[in-house]
Amino acid sequence: MELSIMFFGADSAGQRAEHAAKYQDILAIARAADRLGFAAVWTPERHFQQVGQVFPSPPVLNAALAVATERIALRAGSVVLPLHHPLRVAEDWAVVDNLSGGRVGFSVATGWHSADFVLAPDAYADRRARALADIPLLRRLWAGEAAEFTDGAGERIAVSPQPVPVQPALPLWLTTSGSPATWEAAGALRTGVLGATVGQSRADLAGLIGRYRAAFAAAPAQLGARRDGAVTLMAHTFVGADDAEARRLAEAPLKAYLRSYVRQTSANRGAAGGGAGLDERQLDALTEFAFHRYLNWGSLLGSPDRCALMLADLRDLGCDEVACFVDFGLDRDQVIAGLHRLADIGKDLL
């Protein structure tokens, strides 16, 4: 089982100086992960919200990471494919693939927040169908095949993206929040699947992984597709010197992050329920419940021994990679100290 790190979009006050400092933190943490032998660094795509203000453009940020690191894979978790023309996606990531010497990959997301789709309002209603349909097209474009599009004069012309990427096939995942249909779609398309431990029981995940593996095995060969399945699960992560330190340092920032995330969810006009209408007392109760649930199962919040047991359990469950969500509010030095402890655990799991 591989270990990677994931940036998921910590809360930010929206100040220029703070944003500039956050980018320096990302570069420093990615360099540390590169030196420590982590498999990949994942960065999100976020727009117009308090959560994740420094992550609007995965290919731009990963171009910086390409020249700041040497061996670690560079992945977006995720690219909201319905927001972008697939031809532009292929070209942007081919640039990063060349800059990194062939280290890119990303997970395709359908998109979820209505505000994001000010960038592509006509794509919101059928965003899932668009994303799934564009995956085979994206693979063909990455392989250098010409595809027909409408030009500025209204004519259909065949074009091929440039530059030519280093990797002949683009490593792809499909992002899921837990829908069985999405796990099965990832298998049918022979992509990896990017899920999360949060909000899932162990039994839930076992069933979903089984669905994915069965769909993958039954799927036909496809251009640019994987030979084998790949299950990547995101988990909130801070490995402390002991359980008490991990809880003491992680509790306040993680609860603050969760509150911001609930507010972001409640502002989504395309979703029902969620955190809409919660008062401060209810929000406090929800974040307290979520924090304690993370401590009980599914997170890497604790001592090295506790986290090693959780990683072994995820491996036995059928997880191929754990994407360790590290940027929920701890400072740079704390995150890097936790990565050193996590790297030592990872060596024992190989």
# chains A, B, ... in the order shown; residues from 1 in each chain; ligands from 1
>>> select_by_dssp(residues="stretch 108-275 of chain A", states="strand (DSSP E)", output="PyMOL selection string")
chain A and resi 108-109+147-150+156-159+172-175+192-196+231-239
>>> closest_atom_pairs(of="stretch 38-124 of chain A", to="stretch 191-194 of chain A", cutoff="12 Å", atoms="only C-alpha atoms", output="tab-separated table")
residue	atom	partner	partner_atom	distance
A:Trp42	CA	A:Leu194	CA	10.8
A:Arg75	CA	A:Leu194	CA	11.4
A:Ala76	CA	A:Leu194	CA	10.7
A:Gly77	CA	A:Leu194	CA	7.8
A:Ser78	CA	A:Leu194	CA	8.9
A:Val79	CA	A:Leu194	CA	11.9
A:Gly105	CA	A:Gly192	CA	10.6
A:Phe106	CA	A:Leu194	CA	9.7
A:Ser107	CA	A:Leu194	CA	6.8
A:Val108	CA	A:Leu194	CA	9.0
A:Ala109	CA	A:Leu194	CA	9.5
>>> write_last_selection(atoms="all heavy atoms", output="tab-separated table (two decimals), in the first residue's frame")
chain	number	residue	atom	x	y	z
A	42	TRP	N	-1.43	15.32	-3.70
A	42	TRP	CA	-2.71	15.63	-4.32
A	42	TRP	C	-3.11	17.06	-3.99
A	42	TRP	O	-2.98	17.49	-2.83
A	42	TRP	CB	-3.80	14.70	-3.79
A	42	TRP	CG	-3.67	13.26	-4.11
A	42	TRP	CD1	-2.92	12.32	-3.46
A	42	TRP	CD2	-4.36	12.54	-5.16
A	42	TRP	NE1	-3.08	11.08	-4.03
A	42	TRP	CE2	-3.96	11.18	-5.07
A	42	TRP	CE3	-5.27	12.92	-6.15
A	42	TRP	CZ2	-4.44	10.21	-5.94
A	42	TRP	CZ3	-5.75	11.94	-7.01
A	42	TRP	CH2	-5.34	10.61	-6.91
A	75	ARG	N	-0.62	15.02	-8.52
A	75	ARG	CA	-1.98	14.66	-8.88
A	75	ARG	C	-2.98	15.71	-8.39
A	75	ARG	O	-2.80	16.29	-7.33
A	75	ARG	CB	-2.35	13.31	-8.28
A	75	ARG	CG	-1.45	12.17	-8.71
A	75	ARG	CD	-1.80	10.88	-8.00
A	75	ARG	NE	-0.83	9.82	-8.31
A	75	ARG	CZ	-0.60	8.79	-7.52
A	75	ARG	NH1	-1.27	8.66	-6.38
A	75	ARG	NH2	0.28	7.88	-7.87
A	76	ALA	N	-4.02	15.90	-9.17
A	76	ALA	CA	-5.12	16.76	-8.75
A	76	ALA	C	-6.23	15.89	-8.20
A	76	ALA	O	-6.64	14.92	-8.83
A	76	ALA	CB	-5.64	17.58	-9.92
A	77	GLY	N	-6.69	16.23	-7.05
A	77	GLY	CA	-7.81	15.51	-6.47
A	77	GLY	C	-8.88	16.48	-6.01
A	77	GLY	O	-9.03	16.68	-4.83
A	78	SER	N	-9.50	17.17	-7.03
A	78	SER	CA	-9.77	16.60	-8.35
A	78	SER	C	-9.75	17.70	-9.41
A	78	SER	O	-9.67	18.88	-9.07
A	78	SER	CB	-11.14	15.93	-8.37
A	78	SER	OG	-11.29	15.03	-7.29
A	79	VAL	N	-9.89	17.32	-10.68
A	79	VAL	CA	-10.22	18.24	-11.75
A	79	VAL	C	-11.73	18.14	-11.99
A	79	VAL	O	-12.25	17.06	-12.26
A	79	VAL	CB	-9.46	17.89	-13.04
A	79	VAL	CG1	-9.98	18.71	-14.22
A	79	VAL	CG2	-7.97	18.12	-12.86
A	105	GLY	N	-1.02	13.01	-12.89
A	105	GLY	CA	-2.23	12.22	-12.94
A	105	GLY	C	-3.30	13.02	-12.23
A	105	GLY	O	-2.98	13.98	-11.51
A	106	PHE	N	-4.55	12.67	-12.42
A	106	PHE	CA	-5.58	13.38	-11.66
A	106	PHE	C	-6.86	12.57	-11.59
A	106	PHE	O	-7.07	11.62	-12.34
A	106	PHE	CB	-5.86	14.79	-12.20
A	106	PHE	CG	-6.33	14.87	-13.63
A	106	PHE	CD1	-7.65	14.62	-13.97
A	106	PHE	CD2	-5.46	15.26	-14.63
A	106	PHE	CE1	-8.09	14.73	-15.27
A	106	PHE	CE2	-5.88	15.39	-15.94
A	106	PHE	CZ	-7.21	15.11	-16.27
A	107	SER	N	-7.68	12.96	-10.62
A	107	SER	CA	-9.00	12.35	-10.46
A	107	SER	C	-10.04	13.29	-11.06
A	107	SER	O	-9.99	14.50	-10.85
A	107	SER	CB	-9.29	12.12	-8.98
A	107	SER	OG	-10.44	11.31	-8.82
A	108	VAL	N	-10.95	12.72	-11.80
A	108	VAL	CA	-12.03	13.48	-12.42
A	108	VAL	C	-13.19	13.59	-11.44
A	108	VAL	O	-13.65	12.59	-10.88
A	108	VAL	CB	-12.50	12.80	-13.72
A	108	VAL	CG1	-13.79	13.44	-14.24
A	108	VAL	CG2	-11.41	12.86	-14.77
A	109	ALA	N	-13.66	14.82	-11.22
A	109	ALA	CA	-14.85	15.05	-10.41
A	109	ALA	C	-15.96	15.62	-11.29
A	109	ALA	O	-15.69	16.35	-12.24
A	109	ALA	CB	-14.54	16.00	-9.25
>>> atom_distance(atom1="atom CA of A:Ser100", atom2="atom CA of A:Ile72")
9.2 Å
>>> closest_residue(among="A:Leu208, A:Leu138, A:Ala39, A:Ala64", to="A:Ala90", atoms="only C-alpha atoms")
A:Leu138
>>> residues_around(residues="stretch 335-346 of chain A", least_positions_apart="6", cutoff="12 Å", atoms="only C-alpha atoms", output="PDB file with N, CA and C atoms, in the first residue's frame")
ATOM      1  N   MET A   1       0.837  -1.201   0.000  1.00  0.00           N
ATOM      2  CA  MET A   1       0.000   0.000   0.000  1.00  0.00           C
ATOM      3  C   MET A   1       0.870   1.247   0.000  1.00  0.00           C
ATOM      4  N   GLU A   2       0.483   2.220  -0.807  1.00  0.00           N
ATOM      5  CA  GLU A   2       1.240   3.469  -0.901  1.00  0.00           C
ATOM      6  C   GLU A   2       0.640   4.547  -0.001  1.00  0.00           C
ATOM      7  N   LEU A   3       1.498   5.465   0.411  1.00  0.00           N
ATOM      8  CA  LEU A   3       1.069   6.641   1.161  1.00  0.00           C
ATOM      9  C   LEU A   3       1.361   7.884   0.341  1.00  0.00           C
ATOM     10  N   SER A   4       0.366   8.751   0.229  1.00  0.00           N
ATOM     11  CA  SER A   4       0.552  10.041  -0.421  1.00  0.00           C
ATOM     12  C   SER A   4       0.036  11.122   0.516  1.00  0.00           C
ATOM     13  N   ILE A   5       0.279  12.372   0.178  1.00  0.00           N
ATOM     14  CA  ILE A   5      -0.272  13.465   0.968  1.00  0.00           C
ATOM     15  C   ILE A   5      -1.302  14.204   0.134  1.00  0.00           C
ATOM     16  N   MET A   6      -2.281  14.778   0.807  1.00  0.00           N
ATOM     17  CA  MET A   6      -3.338  15.501   0.108  1.00  0.00           C
ATOM     18  C   MET A   6      -3.564  16.858   0.751  1.00  0.00           C
ATOM     19  N   PHE A   7      -3.557  17.888  -0.084  1.00  0.00           N
ATOM     20  CA  PHE A   7      -4.056  19.198   0.310  1.00  0.00           C
ATOM     21  C   PHE A   7      -5.520  19.235  -0.089  1.00  0.00           C
ATOM     22  N   ASP A  25       4.019  27.392   2.171  1.00  0.00           N
ATOM     23  CA  ASP A  25       3.800  26.194   2.989  1.00  0.00           C
ATOM     24  C   ASP A  25       3.598  24.963   2.106  1.00  0.00           C
ATOM     25  N   ILE A  26       2.787  25.109   1.058  1.00  0.00           N
ATOM     26  CA  ILE A  26       2.523  23.985   0.151  1.00  0.00           C
ATOM     27  C   ILE A  26       3.822  23.491  -0.477  1.00  0.00           C
ATOM     28  N   LEU A  27       4.642  24.420  -0.948  1.00  0.00           N
ATOM     29  CA  LEU A  27       5.917  24.036  -1.558  1.00  0.00           C
ATOM     30  C   LEU A  27       6.822  23.332  -0.552  1.00  0.00           C
ATOM     31  N   ALA A  28       6.890  23.870   0.673  1.00  0.00           N
ATOM     32  CA  ALA A  28       7.764  23.273   1.689  1.00  0.00           C
ATOM     33  C   ALA A  28       7.283  21.880   2.078  1.00  0.00           C
ATOM     34  N   ILE A  29       5.976  21.700   2.262  1.00  0.00           N
ATOM     35  CA  ILE A  29       5.433  20.396   2.647  1.00  0.00           C
ATOM     36  C   ILE A  29       5.609  19.394   1.515  1.00  0.00           C
ATOM     37  N   ALA A  30       5.390  19.834   0.267  1.00  0.00           N
ATOM     38  CA  ALA A  30       5.583  18.930  -0.874  1.00  0.00           C
ATOM     39  C   ALA A  30       7.040  18.504  -1.008  1.00  0.00           C
ATOM     40  N   ARG A  31       7.964  19.436  -0.807  1.00  0.00           N
ATOM     41  CA  ARG A  31       9.393  19.074  -0.855  1.00  0.00           C
ATOM     42  C   ARG A  31       9.727  18.049   0.227  1.00  0.00           C
ATOM     43  N   ALA A  32       9.180  18.251   1.426  1.00  0.00           N
ATOM     44  CA  ALA A  32       9.431  17.308   2.517  1.00  0.00           C
ATOM     45  C   ALA A  32       8.871  15.932   2.167  1.00  0.00           C
ATOM     46  N   ALA A  33       7.654  15.897   1.626  1.00  0.00           N
ATOM     47  CA  ALA A  33       7.054  14.620   1.236  1.00  0.00           C
ATOM     48  C   ALA A  33       7.872  13.934   0.147  1.00  0.00           C
ATOM     49  N   ASP A  34       8.419  14.727  -0.761  1.00  0.00           N
ATOM     50  CA  ASP A  34       9.273  14.196  -1.827  1.00  0.00           C
ATOM     51  C   ASP A  34      10.512  13.531  -1.230  1.00  0.00           C
ATOM     52  N   ARG A  35      11.169  14.215  -0.301  1.00  0.00           N
ATOM     53  CA  ARG A  35      12.379  13.677   0.327  1.00  0.00           C
ATOM     54  C   ARG A  35      12.077  12.437   1.152  1.00  0.00           C
ATOM     55  N   LEU A  36      10.895  12.402   1.774  1.00  0.00           N
ATOM     56  CA  LEU A  36      10.556  11.314   2.690  1.00  0.00           C
ATOM     57  C   LEU A  36      10.028  10.069   1.973  1.00  0.00           C
ATOM     58  N   GLY A  37       9.844  10.148   0.668  1.00  0.00           N
ATOM     59  CA  GLY A  37       9.463   8.968  -0.086  1.00  0.00           C
ATOM     60  C   GLY A  37       7.976   8.750  -0.273  1.00  0.00           C
ATOM     61  N   PHE A  38       7.145   9.757  -0.015  1.00  0.00           N
ATOM     62  CA  PHE A  38       5.713   9.604  -0.262  1.00  0.00           C
ATOM     63  C   PHE A  38       5.464   9.431  -1.756  1.00  0.00           C
ATOM     64  N   ALA A  39       4.403   8.705  -2.094  1.00  0.00           N
ATOM     65  CA  ALA A  39       4.156   8.342  -3.485  1.00  0.00           C
ATOM     66  C   ALA A  39       3.670   9.513  -4.312  1.00  0.00           C
ATOM     67  N   HIS A 236      -8.109  12.039   7.131  1.00  0.00           N
ATOM     68  CA  HIS A 236      -7.551  13.139   7.916  1.00  0.00           C
ATOM     69  C   HIS A 236      -6.345  12.622   8.695  1.00  0.00           C
ATOM     70  N   THR A 237      -5.259  13.369   8.658  1.00  0.00           N
ATOM     71  CA  THR A 237      -3.987  12.829   9.143  1.00  0.00           C
ATOM     72  C   THR A 237      -3.195  13.827   9.973  1.00  0.00           C
ATOM     73  N   PHE A 238      -2.827  13.402  11.165  1.00  0.00           N
ATOM     74  CA  PHE A 238      -1.728  14.012  11.919  1.00  0.00           C
ATOM     75  C   PHE A 238      -1.195  12.966  12.889  1.00  0.00           C
ATOM     76  N   VAL A 239       0.009  12.513  12.643  1.00  0.00           N
ATOM     77  CA  VAL A 239       0.649  11.535  13.514  1.00  0.00           C
ATOM     78  C   VAL A 239       1.445  12.296  14.565  1.00  0.00           C
ATOM     79  N   GLY A 240       0.989  12.211  15.807  1.00  0.00           N
ATOM     80  CA  GLY A 240       1.667  12.889  16.899  1.00  0.00           C
ATOM     81  C   GLY A 240       2.673  11.995  17.589  1.00  0.00           C
ATOM     82  N   ALA A 241       3.398  12.566  18.523  1.00  0.00           N
ATOM     83  CA  ALA A 241       4.331  11.759  19.319  1.00  0.00           C
ATOM     84  C   ALA A 241       3.568  10.712  20.126  1.00  0.00           C
ATOM     85  N   ASP A 242       2.334  11.056  20.533  1.00  0.00           N
ATOM     86  CA  ASP A 242       1.456  10.118  21.226  1.00  0.00           C
ATOM     87  C   ASP A 242       0.023  10.543  20.943  1.00  0.00           C
ATOM     88  N   GLU A 245      -0.952  14.133  22.311  1.00  0.00           N
ATOM     89  CA  GLU A 245      -0.443  15.260  21.530  1.00  0.00           C
ATOM     90  C   GLU A 245      -1.214  15.416  20.226  1.00  0.00           C
ATOM     91  N   ALA A 246      -1.482  14.309  19.562  1.00  0.00           N
ATOM     92  CA  ALA A 246      -2.209  14.381  18.296  1.00  0.00           C
ATOM     93  C   ALA A 246      -3.578  15.001  18.495  1.00  0.00           C
ATOM     94  N   LEU A 249      -3.274  18.902  19.468  1.00  0.00           N
ATOM     95  CA  LEU A 249      -2.898  19.807  18.386  1.00  0.00           C
ATOM     96  C   LEU A 249      -3.920  19.818  17.252  1.00  0.00           C
ATOM     97  N   ALA A 250      -4.575  18.699  17.013  1.00  0.00           N
ATOM     98  CA  ALA A 250      -5.477  18.603  15.857  1.00  0.00           C
ATOM     99  C   ALA A 250      -6.895  19.070  16.155  1.00  0.00           C
ATOM    100  N   LEU A 300      -6.105   9.103  10.536  1.00  0.00           N
ATOM    101  CA  LEU A 300      -4.747   8.877  11.029  1.00  0.00           C
ATOM    102  C   LEU A 300      -4.429  10.017  11.984  1.00  0.00           C
ATOM    103  N   LEU A 301      -5.198  10.101  13.045  1.00  0.00           N
ATOM    104  CA  LEU A 301      -5.032  11.108  14.086  1.00  0.00           C
ATOM    105  C   LEU A 301      -4.678  10.377  15.371  1.00  0.00           C
ATOM    106  N   GLY A 302      -3.389  10.369  15.697  1.00  0.00           N
ATOM    107  CA  GLY A 302      -2.990   9.661  16.900  1.00  0.00           C
ATOM    108  C   GLY A 302      -1.519   9.358  16.925  1.00  0.00           C
ATOM    109  N   SER A 303      -1.147   8.443  17.773  1.00  0.00           N
ATOM    110  CA  SER A 303       0.245   8.033  17.931  1.00  0.00           C
ATOM    111  C   SER A 303       0.686   7.216  16.724  1.00  0.00           C
ATOM    112  N   PRO A 304       1.992   7.017  16.548  1.00  0.00           N
ATOM    113  CA  PRO A 304       2.443   6.139  15.465  1.00  0.00           C
ATOM    114  C   PRO A 304       1.844   4.737  15.546  1.00  0.00           C
ATOM    115  N   ASP A 305       1.733   4.167  16.741  1.00  0.00           N
ATOM    116  CA  ASP A 305       1.173   2.817  16.871  1.00  0.00           C
ATOM    117  C   ASP A 305      -0.297   2.787  16.458  1.00  0.00           C
ATOM    118  N   ARG A 306      -1.056   3.765  16.890  1.00  0.00           N
ATOM    119  CA  ARG A 306      -2.477   3.819  16.546  1.00  0.00           C
ATOM    120  C   ARG A 306      -2.658   3.974  15.033  1.00  0.00           C
ATOM    121  N   CYS A 307      -1.871   4.848  14.424  1.00  0.00           N
ATOM    122  CA  CYS A 307      -1.989   5.096  12.986  1.00  0.00           C
ATOM    123  C   CYS A 307      -1.514   3.892  12.179  1.00  0.00           C
ATOM    124  N   ALA A 308      -0.510   3.184  12.674  1.00  0.00           N
ATOM    125  CA  ALA A 308      -0.043   1.975  11.990  1.00  0.00           C
ATOM    126  C   ALA A 308      -1.146   0.920  11.950  1.00  0.00           C
ATOM    127  N   LEU A 309      -1.894   0.788  13.034  1.00  0.00           N
ATOM    128  CA  LEU A 309      -2.998  -0.168  13.054  1.00  0.00           C
ATOM    129  C   LEU A 309      -4.078   0.213  12.051  1.00  0.00           C
ATOM    130  N   MET A 310      -4.383   1.518  11.954  1.00  0.00           N
ATOM    131  CA  MET A 310      -5.401   1.963  11.006  1.00  0.00           C
ATOM    132  C   MET A 310      -4.946   1.727   9.575  1.00  0.00           C
ATOM    133  N   LEU A 311      -3.681   2.005   9.268  1.00  0.00           N
ATOM    134  CA  LEU A 311      -3.173   1.779   7.920  1.00  0.00           C
ATOM    135  C   LEU A 311      -3.217   0.296   7.560  1.00  0.00           C
ATOM    136  N   ALA A 312      -2.861  -0.562   8.498  1.00  0.00           N
ATOM    137  CA  ALA A 312      -2.918  -2.000   8.242  1.00  0.00           C
ATOM    138  C   ALA A 312      -4.352  -2.443   7.995  1.00  0.00           C
ATOM    139  N   ARG A 315      -5.337  -1.350   4.492  1.00  0.00           N
ATOM    140  CA  ARG A 315      -4.687  -2.243   3.526  1.00  0.00           C
ATOM    141  C   ARG A 315      -5.448  -3.557   3.416  1.00  0.00           C
ATOM    142  N   GLU A 321      -3.933   2.845  -1.744  1.00  0.00           N
ATOM    143  CA  GLU A 321      -3.211   4.085  -1.426  1.00  0.00           C
ATOM    144  C   GLU A 321      -4.044   4.889  -0.443  1.00  0.00           C
ATOM    145  N   VAL A 322      -3.399   5.434   0.558  1.00  0.00           N
ATOM    146  CA  VAL A 322      -4.050   6.371   1.478  1.00  0.00           C
ATOM    147  C   VAL A 322      -3.519   7.767   1.183  1.00  0.00           C
ATOM    148  N   ALA A 323      -4.442   8.660   0.827  1.00  0.00           N
ATOM    149  CA  ALA A 323      -4.104  10.066   0.589  1.00  0.00           C
ATOM    150  C   ALA A 323      -4.321  10.818   1.895  1.00  0.00           C
ATOM    151  N   CYS A 324      -3.231  11.201   2.518  1.00  0.00           N
ATOM    152  CA  CYS A 324      -3.255  11.737   3.879  1.00  0.00           C
ATOM    153  C   CYS A 324      -3.544  13.237   3.848  1.00  0.00           C
ATOM    154  N   PHE A 325      -4.751  13.616   4.279  1.00  0.00           N
ATOM    155  CA  PHE A 325      -5.212  15.003   4.283  1.00  0.00           C
ATOM    156  C   PHE A 325      -4.549  15.726   5.451  1.00  0.00           C
ATOM    157  N   VAL A 326      -3.589  16.593   5.116  1.00  0.00           N
ATOM    158  CA  VAL A 326      -2.732  17.172   6.155  1.00  0.00           C
ATOM    159  C   VAL A 326      -2.964  18.656   6.406  1.00  0.00           C
ATOM    160  N   ASP A 327      -3.688  19.360   5.522  1.00  0.00           N
ATOM    161  CA  ASP A 327      -3.725  20.831   5.626  1.00  0.00           C
ATOM    162  C   ASP A 327      -5.054  21.346   6.174  1.00  0.00           C
ATOM    163  N   PHE A 328      -5.479  20.814   7.327  1.00  0.00           N
ATOM    164  CA  PHE A 328      -6.731  21.270   7.920  1.00  0.00           C
ATOM    165  C   PHE A 328      -6.513  22.351   8.972  1.00  0.00           C
ATOM    166  N   GLY A 329      -5.321  22.917   9.043  1.00  0.00           N
ATOM    167  CA  GLY A 329      -5.119  24.053   9.927  1.00  0.00           C
ATOM    168  C   GLY A 329      -3.893  24.004  10.810  1.00  0.00           C
TER     169      GLY A 329
END
>>> residues_around(residues="A:Val159", least_positions_apart="5", cutoff="10 Å", atoms="only C-alpha atoms", output="PyMOL selection string")
chain A and resi 87+141+144-149+151
>>> residues_around(residues="A:His292", least_positions_apart="5", cutoff="12 Å", atoms="only C-alpha atoms", output="PyMOL selection string")
chain A and resi 198+247+250-251+254-255+285-287+297-299+301
>>> write_last_selection(atoms="N, CA, C and O atoms", output="PDB file, in the first residue's frame")
ATOM      1  N   VAL A 198     -14.033   9.307   5.552  1.00  0.00           N
ATOM      2  CA  VAL A 198     -14.992  10.133   6.277  1.00  0.00           C
ATOM      3  C   VAL A 198     -16.410   9.826   5.802  1.00  0.00           C
ATOM      4  O   VAL A 198     -16.686   9.707   4.613  1.00  0.00           O
ATOM      5  N   ARG A 247      -4.277  14.592  19.521  1.00  0.00           N
ATOM      6  CA  ARG A 247      -5.611  15.144  19.765  1.00  0.00           C
ATOM      7  C   ARG A 247      -5.521  16.613  20.159  1.00  0.00           C
ATOM      8  O   ARG A 247      -6.299  17.436  19.671  1.00  0.00           O
ATOM      9  N   ALA A 250      -4.575  18.699  17.013  1.00  0.00           N
ATOM     10  CA  ALA A 250      -5.477  18.603  15.857  1.00  0.00           C
ATOM     11  C   ALA A 250      -6.895  19.070  16.155  1.00  0.00           C
ATOM     12  O   ALA A 250      -7.605  19.488  15.228  1.00  0.00           O
ATOM     13  N   GLU A 251      -7.320  19.025  17.395  1.00  0.00           N
ATOM     14  CA  GLU A 251      -8.742  19.227  17.696  1.00  0.00           C
ATOM     15  C   GLU A 251      -9.265  20.586  17.242  1.00  0.00           C
ATOM     16  O   GLU A 251     -10.243  20.663  16.481  1.00  0.00           O
ATOM     17  N   LEU A 254      -9.051  21.228  13.301  1.00  0.00           N
ATOM     18  CA  LEU A 254      -9.919  20.341  12.539  1.00  0.00           C
ATOM     19  C   LEU A 254     -11.382  20.719  12.745  1.00  0.00           C
ATOM     20  O   LEU A 254     -12.172  20.732  11.788  1.00  0.00           O
ATOM     21  N   LYS A 255     -11.758  21.061  13.963  1.00  0.00           N
ATOM     22  CA  LYS A 255     -13.136  21.483  14.197  1.00  0.00           C
ATOM     23  C   LYS A 255     -13.444  22.780  13.446  1.00  0.00           C
ATOM     24  O   LYS A 255     -14.540  22.944  12.888  1.00  0.00           O
ATOM     25  N   ALA A 285     -22.295  20.950  18.008  1.00  0.00           N
ATOM     26  CA  ALA A 285     -22.587  19.541  18.277  1.00  0.00           C
ATOM     27  C   ALA A 285     -22.195  18.665  17.093  1.00  0.00           C
ATOM     28  O   ALA A 285     -21.643  17.565  17.270  1.00  0.00           O
ATOM     29  N   LEU A 286     -22.448  19.154  15.884  1.00  0.00           N
ATOM     30  CA  LEU A 286     -22.105  18.385  14.691  1.00  0.00           C
ATOM     31  C   LEU A 286     -20.599  18.212  14.552  1.00  0.00           C
ATOM     32  O   LEU A 286     -20.116  17.109  14.272  1.00  0.00           O
ATOM     33  N   THR A 287     -19.844  19.286  14.747  1.00  0.00           N
ATOM     34  CA  THR A 287     -18.390  19.183  14.608  1.00  0.00           C
ATOM     35  C   THR A 287     -17.791  18.337  15.732  1.00  0.00           C
ATOM     36  O   THR A 287     -16.821  17.608  15.505  1.00  0.00           O
ATOM     37  N   TRP A 297     -12.507   5.726  14.064  1.00  0.00           N
ATOM     38  CA  TRP A 297     -12.167   4.907  12.902  1.00  0.00           C
ATOM     39  C   TRP A 297     -12.032   5.786  11.661  1.00  0.00           C
ATOM     40  O   TRP A 297     -12.801   6.727  11.467  1.00  0.00           O
ATOM     41  N   GLY A 298     -11.046   5.449  10.824  1.00  0.00           N
ATOM     42  CA  GLY A 298     -10.952   6.076   9.514  1.00  0.00           C
ATOM     43  C   GLY A 298      -9.969   7.211   9.400  1.00  0.00           C
ATOM     44  O   GLY A 298      -9.664   7.642   8.288  1.00  0.00           O
ATOM     45  N   SER A 299      -9.463   7.713  10.509  1.00  0.00           N
ATOM     46  CA  SER A 299      -8.488   8.797  10.447  1.00  0.00           C
ATOM     47  C   SER A 299      -7.113   8.291  10.854  1.00  0.00           C
ATOM     48  O   SER A 299      -6.962   7.215  11.446  1.00  0.00           O
ATOM     49  N   LEU A 301      -5.198  10.101  13.045  1.00  0.00           N
ATOM     50  CA  LEU A 301      -5.032  11.108  14.086  1.00  0.00           C
ATOM     51  C   LEU A 301      -4.678  10.377  15.371  1.00  0.00           C
ATOM     52  O   LEU A 301      -5.545   9.795  16.024  1.00  0.00           O
TER      53      LEU A 301
END
>>> select_by_dssp(residues="stretch 82-123 of chain A", states="alpha helix (DSSP H)", output="count of residues only")
15
>>> atom_distance(atom1="atom CA of A:Pro44", atom2="atom CA of A:Phe8")
5.7 Å
>>> closest_residue(among="A:Gly111, A:Gly195, A:Pro59, A:Pro220", to="A:Ala123", atoms="only C-alpha atoms")
A:Gly111
>>> closest_residue(among="A:Ala252, A:Pro171, A:Ser160, A:Thr232", to="A:Glu91", atoms="only C-alpha atoms")
A:Ser160
>>> closest_residue(among="A:Tyr257, A:Tyr212, A:Gln200, A:Leu83", to="A:Ala115", atoms="only C-alpha atoms")
A:Leu83
>>> atom_distance(atom1="atom CA of A:Asn296", atom2="atom CA of A:Thr197")
11.6 Å
>>> residues_around(residues="A:Ala188", least_positions_apart="2", cutoff="7 Å", atoms="only C-alpha atoms", output="list in words")
Glu184, Ala185, Ala186, Arg190, Ala215, Phe216 and Ala219 of chain A
>>> write_last_selection(atoms="N, CA, C and O atoms", output="PDB file, in the first residue's frame")
ATOM      1  N   GLU A 184     -18.947   2.040  -9.267  1.00  0.00           N
ATOM      2  CA  GLU A 184     -19.109   1.115 -10.388  1.00  0.00           C
ATOM      3  C   GLU A 184     -18.716   1.758 -11.710  1.00  0.00           C
ATOM      4  O   GLU A 184     -18.132   1.098 -12.582  1.00  0.00           O
ATOM      5  N   ALA A 185     -19.011   3.054 -11.874  1.00  0.00           N
ATOM      6  CA  ALA A 185     -18.612   3.758 -13.095  1.00  0.00           C
ATOM      7  C   ALA A 185     -17.098   3.805 -13.225  1.00  0.00           C
ATOM      8  O   ALA A 185     -16.553   3.655 -14.324  1.00  0.00           O
ATOM      9  N   ALA A 186     -16.396   4.008 -12.110  1.00  0.00           N
ATOM     10  CA  ALA A 186     -14.935   4.004 -12.139  1.00  0.00           C
ATOM     11  C   ALA A 186     -14.414   2.650 -12.600  1.00  0.00           C
ATOM     12  O   ALA A 186     -13.473   2.562 -13.399  1.00  0.00           O
ATOM     13  N   ARG A 190     -12.468   1.722 -16.096  1.00  0.00           N
ATOM     14  CA  ARG A 190     -11.105   1.293 -15.745  1.00  0.00           C
ATOM     15  C   ARG A 190     -10.218   2.466 -15.343  1.00  0.00           C
ATOM     16  O   ARG A 190      -9.059   2.565 -15.727  1.00  0.00           O
ATOM     17  N   ALA A 215     -16.761  -4.472 -11.159  1.00  0.00           N
ATOM     18  CA  ALA A 215     -17.004  -3.714 -12.386  1.00  0.00           C
ATOM     19  C   ALA A 215     -15.731  -3.590 -13.204  1.00  0.00           C
ATOM     20  O   ALA A 215     -15.760  -3.662 -14.441  1.00  0.00           O
ATOM     21  N   PHE A 216     -14.606  -3.409 -12.525  1.00  0.00           N
ATOM     22  CA  PHE A 216     -13.325  -3.298 -13.227  1.00  0.00           C
ATOM     23  C   PHE A 216     -13.007  -4.598 -13.954  1.00  0.00           C
ATOM     24  O   PHE A 216     -12.599  -4.588 -15.130  1.00  0.00           O
ATOM     25  N   ALA A 219     -15.076  -5.030 -17.118  1.00  0.00           N
ATOM     26  CA  ALA A 219     -14.993  -4.001 -18.159  1.00  0.00           C
ATOM     27  C   ALA A 219     -14.075  -4.433 -19.293  1.00  0.00           C
ATOM     28  O   ALA A 219     -13.067  -5.115 -19.070  1.00  0.00           O
TER      29      ALA A 219
END
